[in-house]
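Trainee: Got a file for you: upload-v8.txt, compact mmCIF, C-alpha atoms and all ligand atoms.
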# COMPACT_ATOMS: atom_id res chain seq x y z
CA MET G 245 -14.18 43.85 11.32
CA GLU G 246 -15.28 44.96 14.76
CA LEU G 247 -18.92 44.38 15.63
CA THR G 248 -20.46 47.56 17.09
CA ARG G 249 -23.10 47.49 19.81
CA ARG G 250 -25.63 48.77 17.26
CA ASP G 251 -24.72 45.99 14.76
CA PHE G 252 -25.12 43.42 17.53
CA ILE G 253 -28.57 44.71 18.54
CA THR G 254 -29.71 44.86 14.90
CA SER G 255 -28.57 41.30 14.11
CA SER G 256 -30.10 40.02 17.37
CA ILE G 257 -33.48 41.50 16.42
CA ILE G 258 -33.29 39.90 12.97
CA LEU G 259 -32.40 36.53 14.47
CA ALA G 260 -35.14 36.76 17.06
CA GLY G 261 -37.54 37.66 14.27
CA LEU G 262 -36.62 34.52 12.36
CA PHE G 263 -37.60 32.38 15.33
CA LEU G 264 -40.64 34.41 16.31
CA VAL G 265 -42.32 34.80 12.91
CA PRO G 266 -45.57 32.90 13.33
CA ASN G 267 -46.17 30.22 10.74
CA ARG G 268 -49.39 31.98 9.76
CA PHE G 269 -47.28 34.33 7.71
CA LEU G 270 -45.92 31.39 5.77
CA TYR G 271 -49.23 30.31 4.27
CA ALA G 272 -52.86 31.23 4.15
CA ALA G 273 -54.90 29.47 6.81
CA LYS G 274 -57.95 30.42 8.81
CA GLU G 275 -57.55 31.10 12.51
CA THR G 276 -59.89 29.65 15.10
CA GLY G 277 -60.43 33.10 16.60
CA GLU G 278 -60.98 31.55 20.02
CA ARG G 279 -58.81 30.26 22.84
CA TRP G 280 -58.10 26.61 22.14
CA TYR G 281 -59.12 23.95 24.64
CA PRO G 282 -58.89 20.21 23.89
CA ALA G 283 -62.09 18.58 22.68
CA TYR G 284 -61.36 15.53 24.86
CA GLY G 285 -61.11 17.83 27.90
CA LYS G 286 -64.60 19.18 27.33
CA LEU G 287 -65.96 15.65 27.00
CA GLU G 288 -64.24 14.54 30.21
CA GLN G 289 -65.64 17.51 32.10
CA GLU G 290 -69.12 16.62 30.86
CA GLY G 291 -68.54 13.12 32.28
CA LYS G 292 -68.85 11.44 28.87
CA LEU G 293 -65.31 10.33 28.08
CA ALA G 294 -65.44 7.27 30.36
CA GLN G 295 -68.61 6.05 28.59
CA ARG G 296 -66.92 6.33 25.22
CA ILE G 297 -63.95 4.33 26.48
CA GLU G 298 -66.26 1.61 27.75
CA GLN G 299 -68.11 1.55 24.43
CA ALA G 300 -64.84 1.34 22.48
CA TYR G 301 -63.35 -1.40 24.68
CA SER G 302 -66.47 -3.55 24.30
CA ILE G 303 -65.76 -3.75 20.54
CA PHE G 304 -62.51 -5.61 21.28
CA GLU G 305 -64.58 -8.63 22.37
CA GLN G 306 -65.79 -9.15 18.81
CA CYS G 307 -63.51 -6.83 16.92
CA GLU G 308 -65.29 -4.71 14.33
CA LEU G 309 -63.19 -1.60 14.75
CA CYS G 310 -62.44 -1.37 11.03
CA PRO G 311 -64.11 -2.48 7.77
CA ARG G 312 -62.40 -5.90 7.98
CA GLN G 313 -64.85 -6.72 10.81
CA CYS G 314 -62.91 -9.85 11.79
CA GLY G 315 -65.12 -10.60 14.79
CA VAL G 316 -62.23 -11.97 16.87
CA ASN G 317 -62.07 -11.59 20.63
CA ARG G 318 -58.91 -9.57 21.11
CA GLN G 319 -59.39 -9.49 24.88
CA LYS G 320 -58.90 -13.28 24.83
CA GLY G 321 -55.77 -13.04 22.68
CA GLU G 322 -57.36 -13.75 19.30
CA ARG G 323 -55.91 -11.80 16.41
CA GLY G 324 -57.58 -10.62 13.22
CA PHE G 325 -56.29 -9.32 9.90
CA CYS G 326 -54.23 -6.57 11.55
CA GLN G 327 -52.52 -9.12 13.84
CA ALA G 328 -52.76 -6.64 16.71
CA PRO G 329 -53.13 -7.76 20.32
CA ALA G 330 -55.49 -6.01 22.74
CA LYS G 331 -52.68 -3.90 24.19
CA PRO G 332 -51.05 -1.14 22.17
CA VAL G 333 -47.74 -1.95 20.49
CA VAL G 334 -45.61 1.16 19.94
CA TYR G 335 -42.63 1.29 17.60
CA SER G 336 -41.48 4.85 18.29
CA ALA G 337 -42.48 8.20 19.76
CA ASN G 338 -40.72 11.44 18.95
CA PRO G 339 -41.07 14.99 17.61
CA HIS G 340 -41.51 14.70 13.85
CA PHE G 341 -40.56 17.53 11.50
CA GLY G 342 -41.63 15.98 8.19
CA GLU G 343 -45.39 16.48 8.59
CA GLU G 344 -47.49 19.39 7.30
CA ILE G 345 -46.23 22.84 8.35
CA SER G 346 -49.14 23.60 10.69
CA LEU G 347 -48.58 20.30 12.54
CA VAL G 348 -44.81 20.71 12.84
CA GLY G 349 -44.59 24.36 13.98
CA LYS G 350 -41.29 25.08 15.68
CA ASN G 351 -41.08 22.10 18.02
CA GLY G 352 -42.39 19.24 15.94
CA SER G 353 -45.44 17.02 15.84
CA GLY G 354 -45.49 14.53 18.73
CA THR G 355 -45.65 11.39 16.66
CA ILE G 356 -46.51 7.98 18.10
CA PHE G 357 -46.08 5.11 15.61
CA PHE G 358 -48.34 2.17 16.39
CA SER G 359 -47.26 -1.24 15.15
CA ASN G 360 -49.53 -3.46 13.00
CA CYS G 361 -52.07 -2.14 10.50
CA ASN G 362 -55.57 -2.96 9.30
CA LEU G 363 -54.81 -2.09 5.65
CA ARG G 364 -51.32 -3.41 4.83
CA CYS G 365 -50.49 -1.84 1.46
CA VAL G 366 -48.10 -3.72 -0.84
CA PHE G 367 -46.02 -0.52 -1.20
CA CYS G 368 -45.87 0.24 2.54
CA GLN G 369 -42.82 2.30 3.44
CA ASN G 370 -43.18 1.35 7.12
CA TRP G 371 -43.57 -2.37 6.50
CA PRO G 372 -41.38 -3.58 9.39
CA ILE G 373 -43.74 -1.72 11.73
CA SER G 374 -47.06 -2.17 9.94
CA HIS G 375 -46.70 -5.66 8.47
CA LYS G 376 -44.18 -7.30 10.79
CA GLY G 377 -45.44 -5.68 13.97
CA TYR G 378 -42.03 -4.67 15.31
CA GLY G 379 -42.45 -2.64 18.49
CA LYS G 380 -43.04 -2.92 22.20
CA GLU G 381 -46.31 -3.93 23.82
CA ILE G 382 -47.21 -1.47 26.56
CA GLU G 383 -50.04 -0.61 28.94
CA ASP G 384 -52.50 2.23 28.34
CA LYS G 385 -51.02 4.15 31.26
CA ASP G 386 -47.58 3.96 29.61
CA LEU G 387 -49.12 5.33 26.42
CA ALA G 388 -50.50 8.20 28.51
CA GLY G 389 -46.98 8.76 29.87
CA ILE G 390 -45.61 9.00 26.32
CA MET G 391 -48.24 11.63 25.45
CA ILE G 392 -47.27 13.72 28.47
CA LEU G 393 -43.58 13.39 27.63
CA LEU G 394 -44.16 14.59 24.06
CA GLN G 395 -46.10 17.57 25.39
CA ASP G 396 -43.39 18.33 27.97
CA ILE G 397 -40.69 18.53 25.30
CA GLY G 398 -42.74 21.11 23.40
CA CYS G 399 -44.54 19.13 20.69
CA HIS G 400 -47.58 20.94 19.35
CA ASN G 401 -49.87 17.92 19.14
CA ILE G 402 -50.11 14.16 19.69
CA ASN G 403 -49.93 12.61 16.23
CA LEU G 404 -51.36 9.07 16.38
CA VAL G 405 -50.01 7.18 13.37
CA THR G 406 -52.06 4.12 12.30
CA PRO G 407 -54.47 4.40 15.24
CA THR G 408 -57.53 2.48 13.99
CA HIS G 409 -56.84 -0.91 15.57
CA VAL G 410 -55.82 0.62 18.94
CA MET G 411 -58.52 3.28 19.19
CA PRO G 412 -59.89 2.01 22.54
CA ASN G 413 -56.40 2.07 24.10
CA ILE G 414 -55.83 5.58 22.77
CA LEU G 415 -59.05 6.87 24.34
CA ASN G 416 -58.18 5.32 27.68
CA ALA G 417 -54.66 6.76 27.53
CA VAL G 418 -55.95 10.22 26.59
CA ARG G 419 -58.22 10.25 29.64
CA ILE G 420 -55.34 9.26 31.93
CA ALA G 421 -53.09 11.84 30.27
CA PHE G 422 -55.73 14.60 30.50
CA LYS G 423 -55.83 14.08 34.27
CA LYS G 424 -52.04 14.50 34.29
CA GLY G 425 -52.21 17.75 32.30
CA LEU G 426 -52.39 16.83 28.59
CA ARG G 427 -53.65 19.93 26.80
CA ILE G 428 -52.55 19.66 23.15
CA PRO G 429 -54.59 18.58 20.09
CA LEU G 430 -54.97 14.95 19.06
CA VAL G 431 -54.20 14.17 15.43
CA TYR G 432 -55.84 11.00 14.09
CA ASN G 433 -53.38 10.05 11.35
CA THR G 434 -55.15 7.23 9.50
CA SER G 435 -55.01 5.33 6.23
CA GLY G 436 -58.67 6.23 5.78
CA TYR G 437 -59.77 2.60 6.04
CA GLU G 438 -62.31 3.32 8.74
CA ARG G 439 -65.94 2.64 9.54
CA ALA G 440 -67.89 5.88 9.79
CA GLU G 441 -70.05 4.31 12.55
CA ILE G 442 -66.97 3.64 14.66
CA LEU G 443 -65.60 7.14 14.06
CA LYS G 444 -68.70 8.51 15.78
CA ILE G 445 -67.16 7.30 19.06
CA LEU G 446 -64.40 9.84 18.46
CA ASP G 447 -66.80 12.74 17.98
CA GLY G 448 -65.79 15.45 20.42
CA ILE G 449 -62.48 13.75 21.24
CA VAL G 450 -60.26 14.09 18.16
CA ASP G 451 -59.34 17.63 17.15
CA ILE G 452 -57.59 17.00 13.85
CA TYR G 453 -58.22 14.22 11.36
CA LEU G 454 -55.36 13.46 8.98
CA PRO G 455 -56.73 10.75 6.65
CA ASP G 456 -55.20 9.37 3.48
CA MET G 457 -57.36 8.93 0.42
CA LYS G 458 -55.23 6.32 -1.31
CA PHE G 459 -57.25 4.82 -4.16
CA MET G 460 -60.49 5.71 -5.91
CA ASP G 461 -60.93 2.49 -7.84
CA ALA G 462 -62.07 -0.77 -6.19
CA ASP G 463 -59.94 -3.06 -8.40
CA ASN G 464 -56.75 -1.15 -7.69
CA ALA G 465 -57.60 -0.97 -3.98
CA GLU G 466 -58.05 -4.73 -3.94
CA LYS G 467 -54.74 -5.28 -5.71
CA TYR G 468 -52.59 -2.87 -3.74
CA LEU G 469 -54.33 -2.57 -0.35
CA GLY G 470 -54.44 -6.07 1.05
CA GLY G 471 -57.60 -7.09 -0.80
CA ALA G 472 -59.59 -4.09 0.49
CA SER G 473 -61.81 -3.53 -2.55
CA ASP G 474 -64.20 -1.55 -0.35
CA TYR G 475 -61.47 0.96 0.53
CA PRO G 476 -62.71 3.80 -1.73
CA GLU G 477 -66.27 3.67 -0.44
CA MET G 478 -65.23 3.25 3.20
CA ALA G 479 -62.67 6.07 3.05
CA LYS G 480 -65.13 8.44 1.37
CA LYS G 481 -67.77 7.82 4.05
CA ALA G 482 -65.13 8.16 6.77
CA ILE G 483 -63.87 11.50 5.46
CA ILE G 484 -67.42 12.86 5.20
CA GLU G 485 -67.94 11.87 8.85
CA MET G 486 -64.60 13.44 9.88
CA ASN G 487 -65.60 16.66 8.13
CA ARG G 488 -68.96 16.62 9.92
CA GLN G 489 -67.17 16.35 13.26
CA VAL G 490 -64.35 18.86 12.95
CA GLY G 491 -64.90 20.82 9.72
CA GLU G 492 -62.21 22.69 7.91
CA HIS G 493 -58.60 23.13 8.94
CA LEU G 494 -58.11 25.93 11.47
CA VAL G 495 -54.94 27.22 13.08
CA ASP G 496 -54.20 29.18 16.24
CA ARG G 497 -52.65 32.65 16.20
CA HIS G 498 -49.20 31.11 15.77
CA GLY G 499 -50.23 29.13 12.70
CA ILE G 500 -50.37 25.82 14.57
CA ALA G 501 -53.13 23.39 13.58
CA ALA G 502 -55.98 23.47 16.09
CA ARG G 503 -58.83 21.65 14.43
CA GLY G 504 -60.16 20.25 11.18
CA VAL G 505 -59.64 17.72 8.42
CA MET G 506 -56.39 17.54 6.44
CA ILE G 507 -56.55 15.02 3.59
CA ARG G 508 -53.46 13.40 2.10
CA HIS G 509 -53.38 11.90 -1.37
CA LEU G 510 -50.26 10.24 -2.72
CA VAL G 511 -49.91 10.52 -6.49
CA MET G 512 -48.98 7.09 -7.86
CA PRO G 513 -47.36 6.15 -11.17
CA ASN G 514 -49.60 5.41 -14.15
CA GLN G 515 -52.56 7.09 -12.38
CA VAL G 516 -53.36 3.97 -10.36
CA ALA G 517 -54.42 6.08 -7.37
CA GLY G 518 -57.15 7.81 -9.41
CA THR G 519 -55.94 11.33 -8.60
CA LYS G 520 -58.34 13.11 -10.94
CA LYS G 521 -61.32 11.21 -9.50
CA PHE G 522 -60.10 12.07 -6.00
CA ILE G 523 -59.98 15.78 -6.76
CA GLN G 524 -63.40 15.67 -8.42
CA TRP G 525 -64.78 13.88 -5.38
CA VAL G 526 -63.40 16.45 -2.92
CA ALA G 527 -64.68 19.34 -5.05
CA GLY G 528 -68.12 17.76 -5.30
CA ASN G 529 -68.58 16.46 -1.75
CA LEU G 530 -66.63 18.68 0.63
CA PRO G 531 -66.03 22.42 0.92
CA LYS G 532 -63.59 23.59 -1.74
CA SER G 533 -61.58 25.08 1.15
CA THR G 534 -60.84 21.58 2.48
CA TYR G 535 -57.13 21.19 3.23
CA VAL G 536 -55.65 18.82 0.66
CA ASN G 537 -52.05 17.65 0.48
CA ILE G 538 -51.21 16.19 -2.93
CA MET G 539 -48.05 14.24 -2.21
CA HIS G 540 -45.25 13.50 -4.64
CA GLN G 541 -42.98 11.23 -2.60
CA TYR G 542 -44.09 7.76 -3.72
CA SER G 543 -41.14 5.37 -3.71
CA VAL G 544 -40.94 1.70 -4.60
CA GLU G 545 -40.94 -0.18 -1.30
CA PHE G 546 -41.64 -3.61 0.12
CA LYS G 547 -43.67 -5.77 -2.31
CA ALA G 548 -44.20 -3.01 -4.90
CA PHE G 549 -41.43 -4.59 -6.97
CA ASP G 550 -43.89 -7.37 -7.86
CA TYR G 551 -46.38 -4.93 -9.44
CA PRO G 552 -45.29 -3.56 -12.84
CA LYS G 553 -47.49 -0.43 -12.78
CA ILE G 554 -46.02 0.89 -9.52
CA ILE G 555 -42.40 -0.08 -10.01
CA ARG G 556 -41.15 3.48 -10.56
CA ARG G 557 -41.41 6.91 -8.92
CA ILE G 558 -43.83 9.41 -10.42
CA THR G 559 -42.67 11.81 -13.12
CA VAL G 560 -42.64 15.60 -12.88
CA GLU G 561 -45.41 15.65 -15.51
CA GLU G 562 -47.62 13.34 -13.42
CA TYR G 563 -47.27 15.60 -10.39
CA LEU G 564 -47.88 18.81 -12.31
CA GLU G 565 -50.94 17.26 -13.94
CA ALA G 566 -52.35 16.42 -10.48
CA MET G 567 -51.80 19.98 -9.24
CA LYS G 568 -53.37 21.36 -12.42
CA TRP G 569 -56.51 19.30 -11.79
CA ALA G 570 -56.66 20.59 -8.21
CA GLU G 571 -56.62 24.16 -9.48
CA GLU G 572 -59.07 23.45 -12.32
CA TYR G 573 -61.61 21.94 -9.90
CA GLY G 574 -61.27 24.95 -7.62
CA LEU G 575 -59.60 23.53 -4.50
CA THR G 576 -58.49 26.57 -2.54
CA ASN G 577 -56.56 25.13 0.39
CA LEU G 578 -53.71 23.08 -1.00
CA ASP G 579 -50.81 22.19 1.27
CA PRO G 580 -48.16 24.96 1.02
CA LYS G 581 -45.30 22.48 0.55
CA SER G 582 -47.13 20.89 -2.40
CA ILE G 583 -47.46 24.35 -3.97
CA ASP G 584 -43.72 24.92 -3.45
CA ILE G 585 -42.94 21.61 -5.15
CA LYS G 586 -45.23 22.46 -8.04
CA ASN G 587 -43.43 25.81 -8.45
CA ILE G 588 -40.01 24.14 -8.39
CA TYR G 589 -41.09 21.51 -10.94
CA THR G 590 -42.66 24.19 -13.16
CA LYS G 591 -39.32 26.00 -13.41
CA GLN G 592 -37.45 22.83 -14.46
S1 LIG G 601 -58.96 -3.77 13.92
FE1 LIG G 601 -57.87 -5.65 13.34
S2 LIG G 601 -58.99 -7.33 14.33
FE2 LIG G 601 -60.30 -5.50 14.39
S3 LIG G 601 -61.61 -5.66 12.60
FE3 LIG G 601 -59.83 -4.43 12.00
S4 LIG G 601 -58.33 -5.86 11.17
FE4 LIG G 601 -59.86 -7.06 12.28
Taking this structure as input, can you express it in the form of structure tokens?
Mentor:
Amino acid sequence: MELTRRDFITSSIILAGLFLVPNRFLYAAKETGERWYPAYGKLEQEGKLAQRIEQAYSIFEQCELCPRQCGVNRQKGERGFCQAPAKPVVYSANPHFGEEISLVGKNGSGTIFFSNCNLRCVFCQNWPISHKGYGKEIEDKDLAGIMILLQDIGCHNINLVTPTHVMPNILNAVRIAFKKGLRIPLVYNTSGYERAEILKILDGIVDIYLPDMKFMDADNAEKYLGGASDYPEMAKKAIIEMNRQVGEHLVDRHGIAARGVMIRHLVMPNQVAGTKKFIQWVAGNLPKSTYVNIMHQYSVEFKAFDYPKIIRRITVEEYLEAMKWAEEYGLTNLDPKSIDIKNIYTKQ
């Protein structure tokens, strides 16, 4: 069949429409309503970013960056629980398309995977990076170069995965990168095992917090999270502080995340993660419009095979139950992909 000029124009418009439809039409999210400018840029222009970097770097001398509070001098080569040196170790950096829709957009989230970890879960799916520390040690200026590269290839944000133990390096790199033209949001993609006092250093620097809330029960946290029985209390305080700093999830006019807290909770088999308690806690302590991603993709990895309660994937019923609780407790801003999964499971 011959394609007429009119057919060609019509199909071109449809195709262009597919690529131009802003993500905001794909899910309900609030817009910032203002022209976005990086929080770290404002702080630099006020002359305060350098002070924060100095403050953060001084902690390396007796490392208390996270709740482990090892007290080691990382500047002198001592290593604490996370096994991290004073320089950042990076495993990979690339556009990532598996994150939340507002982070991915059309061009991907500019993900930087840092090696080592201060939590070290027994079911870690990134264990060669987090537990074994595979990666390359680099300078802060090289980290800045990676950020610029990710921006140059069109990524919508810099997504710092497992950043806690390298926070001072990140701040230094962000300042260098800002001077070279970095102008996209920073995403602090953390396990949630943070000290609220330390997070205050990031106030006015980080645009988007992406914390996990992994476990609500101290005994389970101790068993599955490297002995971190204080994880639930630390993560709760940290998320409250994150919410104080950046508030609820906001997007720009194209549906791309600009600011706010986005909480992830992985549903675990046999309710070991305490999903119902998590939802109750969010509903009782944060705005009900807080962005919450209830995740279904738990898989048995690394040392999980040694723990009978977590030696299987979750069932459809377990996931649907979690989503039902979220609705019952009135959470109004659930991740759109989690709603899609719920709808698919409901039809099964
Ligand atoms: S960041 Fe590492 S060395 Fe510092 S307190 Fe945490 S686990 Fe210990």
Trainee: Could you give me the residues within 9 Å of ligand LIG 601 (chain G), counting all atoms listed in the file, as a ChimeraX atom specification?
Mentor: /G:303-304,306-318,322-329,360-363,408-411,438
Trainee: CA of Phe367 (chain G) to CA of Asn537 (chain G): how many Å, to one decimal?
Mentor: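 Those two atoms sit 19.2 Å apart.
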Trainee: If you measure from CA of Ile523 (chain G) to CA of Trp569 (chain G), what distance in Å do you get, rounded to one decimal?
Mentor: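 Between these atoms lies a distance of 7.1 Å.
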Trainee: Restricting the calculation to all atoms listed in the file, which member of G:Pro531, G:Gly470, G:Pro412, G:Gly425 is positioned closest to Tyr437 (chain G)?
Mentor: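 Checking each candidate against Tyr437 (chain G), we get G:Gly470 as the closest.
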Trainee: Dump as a tab-separated table the rows for residues of region 293-361 of chain G within 7 Å of region 376-379 of chain G: closest atom pair and distance in Å with one decimal, all atoms listed in the file counted, ordered by chain and rising residue number.
Mentor:
residue	atom	partner	partner_atom	distance
G:Val333	CA	G:Gly379	CA	5.7
G:Val334	CA	G:Gly379	CA	5.2
G:Tyr335	CA	G:Gly379	CA	4.0
G:Ser359	CA	G:Gly377	CA	4.9
G:Asn360	CA	G:Gly377	CA	4.8
Trainee: Given 8 Å on each side, where is the centre and what are the edge lengths in Å to one decimal of the axis-aligned box enclosing the listed atoms of region 520-528 of chain G, as JSON?
Mentor:
{"center_x": -63.2, "center_y": 15.3, "center_z": -6.9, "size_x": 25.8, "size_y": 24.1, "size_z": 24.0}
Trainee: For Arg556 (chain G), which residue among G:Asn514, G:Trp525, G:Ser582, G:Asp463 is the nearest when counting all atoms listed in the file?
Mentor: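 Checking each candidate against Arg556 (chain G), we get G:Asn514 as the closest.
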Trainee: Using all atoms listed in the file, which residue out of G:Asn416, G:Thr519, G:Asn433, G:Asn587 lies closest to Ile507 (chain G)?
Mentor: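 The shortest atom-to-atom distance to Ile507 (chain G) comes from G:Asn433.
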Trainee: Which one is closest to Gln395 (chain G): G:Gly285, G:Gly528, G:Gly291, G:Gly354? Count only C-alpha atoms.
Mentor: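 Nearest candidate to Gln395 (chain G) out of G:Gly285, G:Gly528, G:Gly291, G:Gly354: G:Gly354.
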Trainee: CA of Ala502 (chain G) and CA of Gly436 (chain G), how far apart in Å?
Mentor: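 These atoms are spaced 20.3 Å apart.
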Trainee: Can you work out which one of G:Cys368, G:Ile483, G:Ile414, G:Ile356 has the shortest atom-to-atom distance to Asp384 (chain G), counting only C-alpha atoms?
Mentor: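 Comparing G:Cys368, G:Ile483, G:Ile414, G:Ile356 against Asp384 (chain G), the winner is G:Ile414.
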